[in-house]
$ cat work_4.txt   # compact mmCIF, C-alpha atoms
# COMPACT_ATOMS: atom_id res chain seq x y z
CA MET C 1 -56.47 -64.08 -33.28
CA THR C 2 -57.07 -61.20 -30.94
CA LYS C 3 -54.05 -60.29 -28.86
CA THR C 4 -54.19 -61.18 -25.15
CA LYS C 5 -55.18 -58.32 -22.89
CA PRO C 6 -52.21 -56.55 -21.32
CA ALA C 7 -51.60 -57.32 -17.67
CA LYS C 8 -50.97 -53.74 -16.55
CA ARG C 9 -53.34 -50.78 -16.64
CA PRO C 10 -52.45 -47.09 -16.23
CA ALA C 11 -52.58 -45.90 -12.63
CA ASN C 12 -54.52 -42.91 -13.97
CA ALA C 13 -56.43 -43.53 -17.20
CA ARG C 14 -57.62 -39.93 -17.54
CA PHE C 15 -56.39 -38.67 -20.92
CA SER C 16 -59.13 -36.11 -21.60
CA SER C 17 -58.12 -32.96 -23.49
CA GLY C 18 -60.08 -30.73 -21.15
CA PRO C 19 -60.68 -30.67 -18.31
CA CYS C 20 -57.40 -32.54 -18.13
CA ALA C 21 -55.81 -34.79 -15.53
CA LYS C 22 -55.06 -33.20 -12.18
CA PRO C 23 -51.41 -32.82 -11.10
CA PRO C 24 -50.11 -36.16 -9.80
CA VAL C 25 -49.82 -34.79 -6.24
CA PHE C 26 -53.45 -33.65 -6.16
CA THR C 27 -55.81 -34.69 -3.38
CA LEU C 28 -59.02 -33.08 -2.19
CA ASP C 29 -57.14 -32.14 0.96
CA SER C 30 -54.99 -29.90 -1.24
CA LEU C 31 -57.94 -27.53 -1.43
CA SER C 32 -58.40 -27.19 2.34
CA ASP C 33 -57.07 -23.61 2.34
CA ALA C 34 -59.63 -22.39 -0.22
CA ALA C 35 -61.34 -19.13 0.72
CA LEU C 36 -64.79 -20.72 0.64
CA GLY C 37 -67.69 -18.56 1.69
CA ARG C 38 -65.50 -15.47 1.46
CA SER C 39 -65.90 -12.59 -0.95
CA HIS C 40 -63.39 -12.41 -3.78
CA ARG C 41 -63.27 -8.69 -2.93
CA ALA C 42 -62.17 -9.36 0.65
CA ALA C 43 -58.46 -9.21 1.43
CA VAL C 44 -58.12 -13.00 1.46
CA GLY C 45 -59.83 -13.35 -1.93
CA LYS C 46 -57.83 -10.58 -3.56
CA ALA C 47 -54.60 -12.04 -2.18
CA LYS C 48 -55.27 -15.47 -3.68
CA LEU C 49 -56.24 -14.04 -7.05
CA LYS C 50 -53.12 -11.87 -7.06
CA GLU C 51 -51.01 -14.89 -6.10
CA ALA C 52 -52.44 -16.82 -9.05
CA ILE C 53 -51.46 -13.97 -11.38
CA ASP C 54 -47.98 -13.64 -9.88
CA LEU C 55 -47.23 -17.38 -10.06
CA THR C 56 -48.51 -17.47 -13.65
CA ARG C 57 -46.07 -14.69 -14.54
CA GLU C 58 -43.19 -16.40 -12.75
CA ILE C 59 -43.65 -19.84 -14.27
CA LEU C 60 -44.41 -18.68 -17.82
CA GLY C 61 -41.72 -15.99 -17.79
CA VAL C 62 -44.17 -13.25 -18.77
CA PRO C 63 -42.41 -9.85 -18.98
CA GLU C 64 -43.05 -7.46 -16.11
CA ASP C 65 -44.62 -4.83 -18.38
CA TYR C 66 -47.26 -7.28 -19.65
CA ARG C 67 -50.60 -7.35 -17.82
CA ILE C 68 -52.14 -10.65 -16.71
CA GLY C 69 -55.84 -10.82 -15.89
CA ILE C 70 -58.27 -13.51 -14.75
CA VAL C 71 -61.43 -13.27 -16.85
CA PRO C 72 -64.77 -15.08 -17.17
CA ALA C 73 -65.79 -17.91 -19.48
CA SER C 74 -62.54 -19.82 -19.83
CA ASP C 75 -60.31 -19.40 -22.89
CA THR C 76 -63.34 -18.69 -25.06
CA GLY C 77 -64.24 -15.68 -22.95
CA ALA C 78 -60.65 -14.42 -23.01
CA VAL C 79 -60.36 -14.68 -26.81
CA GLU C 80 -63.71 -13.06 -27.45
CA MET C 81 -62.99 -10.31 -24.93
CA ALA C 82 -59.80 -9.53 -26.85
CA MET C 83 -61.45 -9.66 -30.27
CA TRP C 84 -64.44 -7.52 -29.32
CA SER C 85 -62.28 -4.96 -27.51
CA LEU C 86 -59.28 -4.65 -29.83
CA LEU C 87 -60.23 -5.50 -33.40
CA GLY C 88 -61.62 -3.11 -35.98
CA GLU C 89 -58.91 -0.45 -35.84
CA ARG C 90 -57.26 -2.00 -38.95
CA PRO C 91 -57.86 -4.99 -41.26
CA VAL C 92 -57.34 -8.43 -39.75
CA GLU C 93 -55.73 -11.69 -40.84
CA MET C 94 -57.54 -14.77 -39.49
CA ALA C 95 -55.62 -18.06 -39.45
CA ALA C 96 -57.41 -21.34 -38.72
CA TRP C 97 -56.47 -25.00 -39.04
CA GLU C 98 -58.91 -26.61 -36.62
CA SER C 99 -62.33 -26.09 -35.07
CA PHE C 100 -61.56 -23.46 -32.44
CA GLY C 101 -59.64 -21.29 -34.89
CA ALA C 102 -62.58 -21.68 -37.26
CA GLY C 103 -64.81 -20.37 -34.47
CA TRP C 104 -62.74 -17.20 -34.19
CA VAL C 105 -63.10 -16.76 -37.96
CA THR C 106 -66.87 -16.93 -37.56
CA ASP C 107 -66.73 -14.27 -34.85
CA ALA C 108 -64.62 -11.96 -37.00
CA VAL C 109 -66.47 -12.40 -40.28
CA LYS C 110 -70.09 -13.03 -39.32
CA GLN C 111 -70.46 -11.35 -35.94
CA LEU C 112 -68.06 -8.40 -35.98
CA LYS C 113 -68.17 -8.15 -39.81
CA LEU C 114 -64.53 -7.10 -39.97
CA ASP C 115 -62.38 -6.42 -43.01
CA ALA C 116 -60.83 -9.88 -42.70
CA THR C 117 -58.62 -12.06 -44.85
CA VAL C 118 -59.12 -15.70 -43.91
CA HIS C 119 -56.33 -18.29 -44.17
CA THR C 120 -57.24 -21.92 -43.53
CA ALA C 121 -55.58 -25.32 -43.65
CA ASP C 122 -57.01 -28.81 -43.40
CA TYR C 123 -56.75 -30.86 -40.23
CA GLY C 124 -53.20 -32.17 -39.98
CA ALA C 125 -51.73 -29.18 -41.79
CA ILE C 126 -51.09 -25.57 -40.76
CA VAL C 127 -51.37 -22.13 -42.30
CA ASP C 128 -48.14 -20.65 -43.64
CA MET C 129 -47.57 -18.17 -40.83
CA ALA C 130 -44.79 -16.45 -42.78
CA ALA C 131 -47.28 -15.49 -45.49
CA LEU C 132 -49.49 -13.40 -43.16
CA ASP C 133 -49.45 -9.62 -43.23
CA TYR C 134 -48.40 -8.54 -39.74
CA ASP C 135 -49.11 -4.90 -40.45
CA LYS C 136 -52.70 -6.05 -40.00
CA ASP C 137 -53.98 -7.57 -36.78
CA VAL C 138 -53.48 -11.35 -36.77
CA VAL C 139 -55.63 -13.87 -34.86
CA PHE C 140 -54.51 -17.49 -34.57
CA THR C 141 -54.26 -20.50 -32.28
CA TRP C 142 -50.77 -21.54 -31.22
CA ASN C 143 -51.70 -25.19 -30.66
CA GLY C 144 -54.71 -26.69 -32.40
CA THR C 145 -56.34 -28.62 -29.58
CA THR C 146 -58.60 -30.55 -31.96
CA SER C 147 -56.00 -31.17 -34.69
CA GLY C 148 -52.78 -31.79 -32.76
CA VAL C 149 -50.95 -29.25 -34.92
CA ARG C 150 -48.96 -26.36 -33.44
CA VAL C 151 -46.99 -23.36 -34.64
CA ALA C 152 -43.38 -24.47 -35.06
CA GLY C 153 -42.02 -21.23 -33.58
CA GLY C 154 -42.45 -17.49 -33.48
CA HIS C 155 -39.47 -16.59 -35.67
CA VAL C 156 -41.69 -15.66 -38.63
CA ILE C 157 -43.58 -13.01 -36.62
CA PRO C 158 -41.79 -9.67 -37.03
CA THR C 159 -40.85 -7.79 -33.89
CA ASP C 160 -41.51 -4.45 -35.62
CA ARG C 161 -45.03 -5.36 -36.78
CA ALA C 162 -47.65 -2.62 -37.01
CA GLY C 163 -50.61 -4.84 -36.12
CA LEU C 164 -51.41 -6.82 -33.00
CA THR C 165 -51.04 -10.57 -32.68
CA ILE C 166 -53.90 -12.22 -30.79
CA CYS C 167 -52.97 -15.79 -29.85
CA ASP C 168 -55.23 -18.48 -28.43
CA ALA C 169 -52.63 -20.51 -26.52
CA THR C 170 -54.94 -22.58 -24.38
CA SER C 171 -53.34 -26.00 -25.01
CA ALA C 172 -49.84 -24.56 -25.42
CA ALA C 173 -49.29 -22.45 -22.29
CA PHE C 174 -47.18 -24.30 -19.68
CA ALA C 175 -46.05 -26.94 -22.23
CA GLN C 176 -44.57 -25.03 -25.18
CA ASP C 177 -42.33 -22.03 -25.74
CA LEU C 178 -44.34 -18.86 -26.19
CA PRO C 179 -42.21 -15.96 -27.52
CA TRP C 180 -43.73 -13.08 -25.57
CA GLU C 181 -42.10 -10.38 -27.69
CA LYS C 182 -44.07 -11.74 -30.67
CA LEU C 183 -47.43 -11.95 -28.87
CA ASP C 184 -49.61 -8.97 -27.98
CA VAL C 185 -52.60 -10.85 -26.61
CA THR C 186 -52.29 -14.37 -25.25
CA THR C 187 -55.14 -16.40 -23.79
CA PHE C 188 -55.51 -19.77 -22.11
CA SER C 189 -57.63 -21.60 -19.57
CA TRP C 190 -56.79 -23.37 -16.33
CA GLN C 191 -58.25 -26.72 -17.35
CA LYS C 192 -55.63 -27.63 -19.96
CA VAL C 193 -51.93 -28.14 -19.17
CA MET C 194 -52.35 -27.31 -15.47
CA GLY C 195 -55.35 -29.63 -15.02
CA GLY C 196 -57.41 -26.93 -13.32
CA GLU C 197 -61.17 -26.58 -13.21
CA ALA C 198 -63.15 -24.90 -15.97
CA ALA C 199 -64.83 -21.49 -16.29
CA HIS C 200 -61.84 -19.18 -15.80
CA GLY C 201 -59.65 -17.72 -18.52
CA MET C 202 -56.36 -15.86 -18.55
CA LEU C 203 -55.75 -12.75 -20.64
CA ILE C 204 -52.17 -11.52 -21.12
CA LEU C 205 -51.66 -8.11 -22.75
CA SER C 206 -48.49 -6.57 -24.11
CA PRO C 207 -47.88 -2.80 -23.78
CA ARG C 208 -48.87 -2.48 -27.45
CA ALA C 209 -52.23 -4.12 -26.73
CA VAL C 210 -52.79 -1.76 -23.78
CA GLU C 211 -51.98 1.19 -26.00
CA ARG C 212 -54.59 0.01 -28.52
CA LEU C 213 -57.19 -0.37 -25.78
CA GLU C 214 -56.60 3.18 -24.55
CA SER C 215 -56.51 4.79 -28.00
CA TYR C 216 -59.24 2.95 -29.90
CA THR C 217 -62.93 2.48 -29.21
CA PRO C 218 -64.82 -0.16 -31.23
CA THR C 219 -67.89 0.92 -33.17
CA TRP C 220 -70.00 -1.87 -31.68
CA PRO C 221 -71.40 -1.94 -28.13
CA LEU C 222 -69.42 -3.91 -25.55
CA PRO C 223 -71.19 -5.90 -22.85
CA LYS C 224 -69.96 -5.31 -19.32
CA ILE C 225 -68.22 -8.66 -19.21
CA PHE C 226 -65.90 -7.57 -22.09
CA ARG C 227 -65.02 -4.07 -20.88
CA LEU C 228 -61.33 -3.59 -20.15
CA THR C 229 -61.25 0.22 -20.08
CA LYS C 230 -63.09 3.03 -18.34
CA GLY C 231 -62.85 6.63 -19.43
CA GLY C 232 -60.26 5.70 -22.04
CA LYS C 233 -57.92 4.08 -19.50
CA LEU C 234 -57.20 0.43 -18.75
CA ILE C 235 -59.02 -0.90 -15.71
CA GLU C 236 -55.85 -1.83 -13.86
CA GLY C 237 -57.71 -3.66 -11.10
CA ILE C 238 -58.53 -6.52 -13.48
CA PHE C 239 -54.80 -7.26 -13.69
CA VAL C 240 -54.16 -7.46 -9.96
CA GLY C 241 -57.01 -9.83 -9.17
CA GLU C 242 -60.10 -7.60 -9.10
CA THR C 243 -62.12 -9.76 -11.45
CA ILE C 244 -65.00 -8.49 -13.59
CA ASN C 245 -67.42 -11.02 -12.12
CA THR C 246 -67.40 -13.47 -9.22
CA PRO C 247 -64.79 -16.24 -9.59
CA SER C 248 -64.96 -19.62 -7.91
CA MET C 249 -62.55 -19.44 -4.99
CA LEU C 250 -62.47 -23.25 -5.00
CA ALA C 251 -61.28 -23.20 -8.62
CA VAL C 252 -58.76 -20.47 -7.75
CA GLU C 253 -57.33 -22.67 -5.00
CA ASP C 254 -57.16 -25.59 -7.41
CA TYR C 255 -55.17 -23.48 -9.90
CA LEU C 256 -52.84 -22.36 -7.10
CA VAL C 257 -52.21 -26.00 -6.17
CA ALA C 258 -51.23 -26.74 -9.77
CA LEU C 259 -49.01 -23.66 -10.04
CA LYS C 260 -47.20 -24.48 -6.80
CA TRP C 261 -46.68 -28.06 -7.98
CA ALA C 262 -45.25 -26.74 -11.26
CA LYS C 263 -42.87 -24.48 -9.39
CA SER C 264 -41.79 -27.31 -7.08
CA ILE C 265 -40.74 -29.57 -9.98
CA GLY C 266 -38.71 -26.93 -11.81
CA GLY C 267 -41.17 -24.61 -13.52
CA LEU C 268 -41.70 -24.30 -17.24
CA ASP C 269 -38.68 -26.36 -18.29
CA ALA C 270 -39.89 -29.30 -16.23
CA LEU C 271 -43.45 -28.96 -17.51
CA ARG C 272 -42.26 -28.94 -21.12
CA HIS C 273 -40.03 -31.93 -20.50
CA ARG C 274 -42.93 -33.93 -19.07
CA ALA C 275 -45.21 -33.11 -22.01
CA ASP C 276 -42.45 -33.89 -24.51
CA ALA C 277 -41.78 -37.27 -22.90
CA ASN C 278 -45.48 -38.16 -22.96
CA ALA C 279 -45.90 -37.22 -26.61
CA ARG C 280 -42.66 -38.92 -27.63
CA ALA C 281 -43.88 -42.22 -26.19
CA ILE C 282 -46.87 -42.08 -28.53
CA TRP C 283 -44.84 -40.90 -31.52
CA ASN C 284 -42.43 -43.81 -31.06
CA PHE C 285 -45.36 -46.23 -30.75
CA CYS C 286 -46.84 -44.99 -34.03
CA ALA C 287 -43.48 -45.03 -35.82
CA SER C 288 -43.14 -48.78 -35.24
CA ARG C 289 -46.65 -49.66 -36.45
CA ASP C 290 -48.27 -49.40 -39.86
CA TRP C 291 -51.88 -49.11 -38.70
CA ILE C 292 -51.77 -45.83 -36.83
CA ASP C 293 -50.17 -42.44 -37.43
CA ASN C 294 -50.05 -38.86 -36.18
CA LEU C 295 -52.70 -36.61 -37.70
CA ALA C 296 -50.10 -33.84 -38.04
CA ASN C 297 -48.45 -34.07 -41.45
CA ASP C 298 -45.16 -32.45 -40.47
CA PRO C 299 -43.17 -33.67 -37.43
CA ALA C 300 -42.11 -30.06 -36.81
CA THR C 301 -45.71 -29.07 -36.10
CA ARG C 302 -46.80 -32.08 -34.03
CA SER C 303 -48.36 -31.05 -30.72
CA ASN C 304 -46.81 -32.32 -27.50
CA THR C 305 -50.10 -31.86 -25.62
CA SER C 306 -53.16 -32.74 -27.71
CA VAL C 307 -51.75 -35.67 -29.68
CA CYS C 308 -54.23 -36.55 -32.43
CA LEU C 309 -54.00 -39.92 -34.17
CA LYS C 310 -55.55 -41.51 -37.25
CA PHE C 311 -56.00 -45.18 -38.13
CA THR C 312 -54.35 -46.07 -41.45
CA ASP C 313 -55.13 -49.77 -41.85
CA SER C 314 -56.76 -50.52 -45.22
CA ARG C 315 -59.03 -53.14 -43.62
CA ILE C 316 -60.99 -50.44 -41.78
CA THR C 317 -64.25 -49.87 -43.66
CA ASP C 318 -65.83 -47.14 -41.53
CA GLY C 319 -63.19 -44.93 -39.92
CA ALA C 320 -65.51 -43.04 -37.57
CA ALA C 321 -67.27 -46.15 -36.29
CA PHE C 322 -63.96 -47.97 -35.88
CA ALA C 323 -62.33 -45.18 -33.87
CA LYS C 324 -65.38 -44.87 -31.60
CA ALA C 325 -65.40 -48.62 -31.02
CA VAL C 326 -61.70 -48.62 -30.07
CA ALA C 327 -62.23 -45.73 -27.65
CA LYS C 328 -65.24 -47.52 -26.16
CA ARG C 329 -63.24 -50.71 -25.61
CA LEU C 330 -60.47 -48.79 -23.86
CA GLU C 331 -62.93 -47.01 -21.59
CA ALA C 332 -64.71 -50.25 -20.72
CA GLU C 333 -61.37 -51.75 -19.68
CA GLY C 334 -60.40 -48.71 -17.62
CA ALA C 335 -57.33 -48.29 -19.82
CA ALA C 336 -58.07 -44.88 -21.34
CA LEU C 337 -60.89 -42.41 -20.74
CA ASP C 338 -62.19 -39.69 -23.06
CA ILE C 339 -59.78 -40.19 -25.97
CA GLY C 340 -62.17 -39.97 -28.92
CA ALA C 341 -61.39 -37.36 -31.57
CA TYR C 342 -63.15 -34.02 -31.28
CA ARG C 343 -66.57 -34.02 -32.93
CA ASP C 344 -65.50 -31.74 -35.82
CA ALA C 345 -62.14 -33.44 -36.38
CA PRO C 346 -61.32 -36.38 -38.67
CA ALA C 347 -62.03 -39.83 -37.29
CA GLY C 348 -59.41 -41.02 -34.85
CA LEU C 349 -58.19 -40.58 -31.30
CA ARG C 350 -56.95 -37.65 -29.22
CA ILE C 351 -54.69 -38.41 -26.27
CA TRP C 352 -53.80 -35.60 -23.88
CA CYS C 353 -50.10 -35.54 -23.06
CA GLY C 354 -49.83 -32.37 -21.00
CA ALA C 355 -47.56 -32.06 -18.01
CA THR C 356 -50.01 -33.40 -15.42
CA VAL C 357 -50.01 -36.79 -17.16
CA GLU C 358 -47.41 -39.35 -16.08
CA THR C 359 -45.34 -40.93 -18.86
CA SER C 360 -45.71 -44.29 -17.12
CA ASP C 361 -49.47 -44.06 -17.64
CA ILE C 362 -49.02 -43.31 -21.35
CA GLU C 363 -46.67 -46.29 -21.64
CA ALA C 364 -49.13 -48.55 -19.82
CA MET C 365 -52.02 -47.39 -22.03
CA LEU C 366 -50.34 -48.03 -25.40
CA PRO C 367 -50.40 -51.87 -25.27
CA TRP C 368 -54.11 -51.58 -24.51
CA LEU C 369 -54.52 -49.40 -27.59
CA GLU C 370 -52.90 -52.14 -29.69
CA TRP C 371 -55.11 -54.75 -28.07
CA ALA C 372 -58.26 -52.70 -28.76
CA PHE C 373 -57.23 -52.15 -32.38
CA GLU C 374 -56.68 -55.86 -33.00
CA ALA C 375 -59.86 -56.82 -31.19
CA GLU C 376 -61.90 -54.43 -33.31
CA ILE C 377 -60.23 -55.60 -36.54
CA ALA C 378 -61.06 -59.18 -35.58
CA GLN C 379 -64.68 -58.30 -34.84
CA GLN C 380 -64.98 -56.42 -38.13
CA ALA C 381 -63.61 -59.45 -40.01
CA ALA C 382 -66.01 -61.81 -38.23
CA ALA C 383 -68.94 -59.57 -39.09
$ encode --input "work_4.txt" --output "structure tokens"
Amino acid sequence: MTKTKPAKRPANARFSSGPCAKPPVFTLDSLSDAALGRSHRAAVGKAKLKEAIDLTREILGVPEDYRIGIVPASDTGAVEMAMWSLLGERPVEMAAWESFGAGWVTDAVKQLKLDATVHTADYGAIVDMAALDYDKDVVFTWNGTTSGVRVAGGHVIPTDRAGLTICDATSAAFAQDLPWEKLDVTTFSWQKVMGGEAAHGMLILSPRAVERLESYTPTWPLPKIFRLTKGGKLIEGIFVGETINTPSMLAVEDYLVALKWAKSIGGLDALRHRADANARAIWNFCASRDWIDNLANDPATRSNTSVCLKFTDSRITDGAAFAKAVAKRLEAEGAALDIGAYRDAPAGLRIWCGATVETSDIEAMLPWLEWAFEAEIAQQAAA
């Protein structure tokens, strides 16, 4: 028989992996100080953009000699800006274990036509980061948003490397340790761990990356939106809030609200603790059941933000249809929204556990997940 529906629903059933849940203190009134109708080049606009950069540095612990810029087109724009501007000076190692990393491989191999060595791993696994040649440039994702697999740590990246490391950290920043001395280019977007709005990306450059920009000119043309130098020198204005194109001042205010909330609860340590607690609730749930499991093969590489799950029950005849049906049931009940696996990923579920999500909501959602599983199994048997 199908299990009785749980009595309690999550207070916030938003578990989307991007845009993600807003900070728990968020209200529309929080945005009342937004510089709406004002130029981003006016003093008020520049001040807010600079404040966003400064708070990002403070909370993430970014070294003072690293540049932080706000760039167009979300994390995708930031990664592609870095690749188009920096790569080509030496061979490149491309590491991919999920769909977004695979997209960067396509850019490197098919678009830029670089001298590239490609390392891949299946969903649930990860590339052996110790096996990469760091005298070449290396491009990789820190946390696979669509696979729920993350780099276990930066210890394998040599400090005295000759190449640059370009890291897509969009679902890792603000929830995981990022070893800045091992990263030359780091990118992320506002709409992940901080629950901000889309369309804006962050680009963080080490002194080594700046040196490359000022000493190397790619052989291919660069569109205006990618240009980080002028006359062989870094455009420093980009890294104090003078953006390349017009940002949304409403989205900037939204990011500031999230950053100030993060600072008020204890900064990065508190954000990591919240994400860890959310993910651990799901891991413990899976560990006590034989019909569901983490997609990540190795507990050391399990993501604490984009937790990806797979159904393991032998009675399931069509994994993709089953997972979609479970997600649909949960949405219809208002118990979990937007938790289907990414379109290119294996069949299953993806539950966002970043810091803006309350652990109590995760805990309230999990009995509904069990109910939906049993209801779908029963319907499959009846059919």
$ atom_distance --input "work_4.txt" --atom1 "CA of Trp142 in chain C" --atom2 "CA of Val118 in chain C"
16.3 Å
$ closest_residue --input "work_4.txt" --among "C:Leu256, C:Val109, C:Leu114, C:Val156" --to "Arg90 in chain C" --atoms "all atoms listed in the file"
C:Leu114
$ residues_near_point --input "work_4.txt" --point "(-46.0, -39.4, -23.1)" --cutoff "8 Å" --atoms "all atoms listed in the file" --output "list in words"
Arg274, Ala275, Asp276, Ala277, Asn278, Ala279, Arg280, Ala281, Ile282, Cys353, Val357, Glu358, Thr359, Ser360, Asp361, Ile362 and Glu363 of chain C
$ closest_atom_pairs --input "work_4.txt" --of "range 82-143 of chain C" --to "range 287-295 of chain C" --cutoff "12 Å" --atoms "all atoms listed in the file" --output "Markdown table"
| residue | atom | partner | partner_atom | distance |
| --- | --- | --- | --- | --- |
| C:Glu98 | CA | C:Leu295 | CA | 11.8 |
| C:Asp122 | CA | C:Leu295 | CA | 10.6 |
| C:Tyr123 | CA | C:Leu295 | CA | 7.5 |
| C:Gly124 | CA | C:Leu295 | CA | 5.0 |
| C:Ala125 | CA | C:Leu295 | CA | 8.5 |
| C:Ile126 | CA | C:Leu295 | CA | 11.6 |
$ residues_around --input "work_4.txt" --residues "Pro158 in chain C" --least-positions-apart "3" --cutoff "9 Å" --atoms "only C-alpha atoms" --output "list of chain:residue names"
C:Tyr134, C:Gly154, C:His155, C:Arg161, C:Lys182
$ residues_near_point --input "work_4.txt" --point "(-63.7, -9.9, -16.9)" --cutoff "9 Å" --atoms "all atoms listed in the file" --output "PyMOL selection string"
chain C and resi 69-73+77-78+81+201+224-228+238+242-245
$ atom_distance --input "work_4.txt" --atom1 "CA of Ala7 in chain C" --atom2 "CA of Ala378 in chain C"
20.3 Å
$ closest_residue --input "work_4.txt" --among "C:Cys308, C:Ile68, C:Ala95, C:Leu132" --to "Thr120 in chain C" --atoms "only C-alpha atoms"
C:Ala95
$ residues_around --input "work_4.txt" --residues "Phe174 in chain C" --least-positions-apart "6" --cutoff "7 Å" --atoms "all atoms listed in the file" --output "number ranges by chain"
C: 60, 193, 268, 271-272
$ closest_residue --input "work_4.txt" --among "C:Val151, C:Ile204, C:Ala162, C:Leu234" --to "Pro91 in chain C" --atoms "all atoms listed in the file"
C:Ala162
$ residues_around --input "work_4.txt" --residues "range 208-222 of chain C" --least-positions-apart "6" --cutoff "12 Å" --atoms "only C-alpha atoms" --output "ChimeraX atom specification"
/C:65-68,80-90,111-114,137,159-166,180-186,228-236,239
$ closest_residue --input "work_4.txt" --among "C:Thr301, C:Thr356, C:Gln380, C:Thr141" --to "Ala321 in chain C" --atoms "all atoms listed in the file"
C:Gln380
$ decode --input "work_4.txt" --residues "range 271-285 of chain C" --atoms "N, CA and C atoms" --output "mmCIF file, in the first residue's frame"
data_model
loop_
_atom_site.group_PDB
_atom_site.id
_atom_site.type_symbol
_atom_site.label_atom_id
_atom_site.label_comp_id
_atom_site.auth_asym_id
_atom_site.auth_seq_id
_atom_site.Cartn_x
_atom_site.Cartn_y
_atom_site.Cartn_z
ATOM 1 N N LEU C 271 28.245 29.813 6.177
ATOM 2 C CA LEU C 271 27.654 29.374 4.913
ATOM 3 C C LEU C 271 27.993 27.914 4.632
ATOM 4 N N ARG C 272 29.235 27.550 4.843
ATOM 5 C CA ARG C 272 29.657 26.158 4.634
ATOM 6 C C ARG C 272 28.929 25.226 5.587
ATOM 7 N N HIS C 273 28.800 25.647 6.825
ATOM 8 C CA HIS C 273 28.122 24.811 7.816
ATOM 9 C C HIS C 273 26.673 24.564 7.411
ATOM 10 N N ARG C 274 25.995 25.590 6.927
ATOM 11 C CA ARG C 274 24.603 25.433 6.514
ATOM 12 C C ARG C 274 24.490 24.460 5.340
ATOM 13 N N ALA C 275 25.353 24.614 4.341
ATOM 14 C CA ALA C 275 25.310 23.710 3.189
ATOM 15 C C ALA C 275 25.637 22.278 3.612
ATOM 16 N N ASP C 276 26.635 22.119 4.475
ATOM 17 C CA ASP C 276 27.000 20.776 4.942
ATOM 18 C C ASP C 276 25.837 20.109 5.669
ATOM 19 N N ALA C 277 25.151 20.870 6.510
ATOM 20 C CA ALA C 277 24.027 20.307 7.263
ATOM 21 C C ALA C 277 22.895 19.894 6.322
ATOM 22 N N ASN C 278 22.633 20.697 5.311
ATOM 23 C CA ASN C 278 21.588 20.360 4.342
ATOM 24 C C ASN C 278 21.920 19.072 3.605
ATOM 25 N N ALA C 279 23.149 19.001 3.095
ATOM 26 C CA ALA C 279 23.556 17.821 2.332
ATOM 27 C C ALA C 279 23.580 16.578 3.216
ATOM 28 N N ARG C 280 24.061 16.741 4.448
ATOM 29 C CA ARG C 280 24.165 15.593 5.354
ATOM 30 C C ARG C 280 22.800 14.991 5.651
ATOM 31 N N ALA C 281 21.775 15.822 5.727
ATOM 32 C CA ALA C 281 20.426 15.303 5.958
ATOM 33 C C ALA C 281 20.007 14.362 4.833
ATOM 34 N N ILE C 282 20.360 14.717 3.605
ATOM 35 C CA ILE C 282 20.021 13.854 2.467
ATOM 36 C C ILE C 282 20.898 12.609 2.452
ATOM 37 N N TRP C 283 22.196 12.784 2.710
ATOM 38 C CA TRP C 283 23.090 11.619 2.734
ATOM 39 C C TRP C 283 22.623 10.591 3.770
ATOM 40 N N ASN C 284 22.234 11.065 4.940
ATOM 41 C CA ASN C 284 21.769 10.151 5.990
ATOM 42 C C ASN C 284 20.479 9.457 5.573
ATOM 43 N N PHE C 285 19.600 10.196 4.903
ATOM 44 C CA PHE C 285 18.350 9.617 4.394
ATOM 45 C C PHE C 285 18.657 8.481 3.420
#
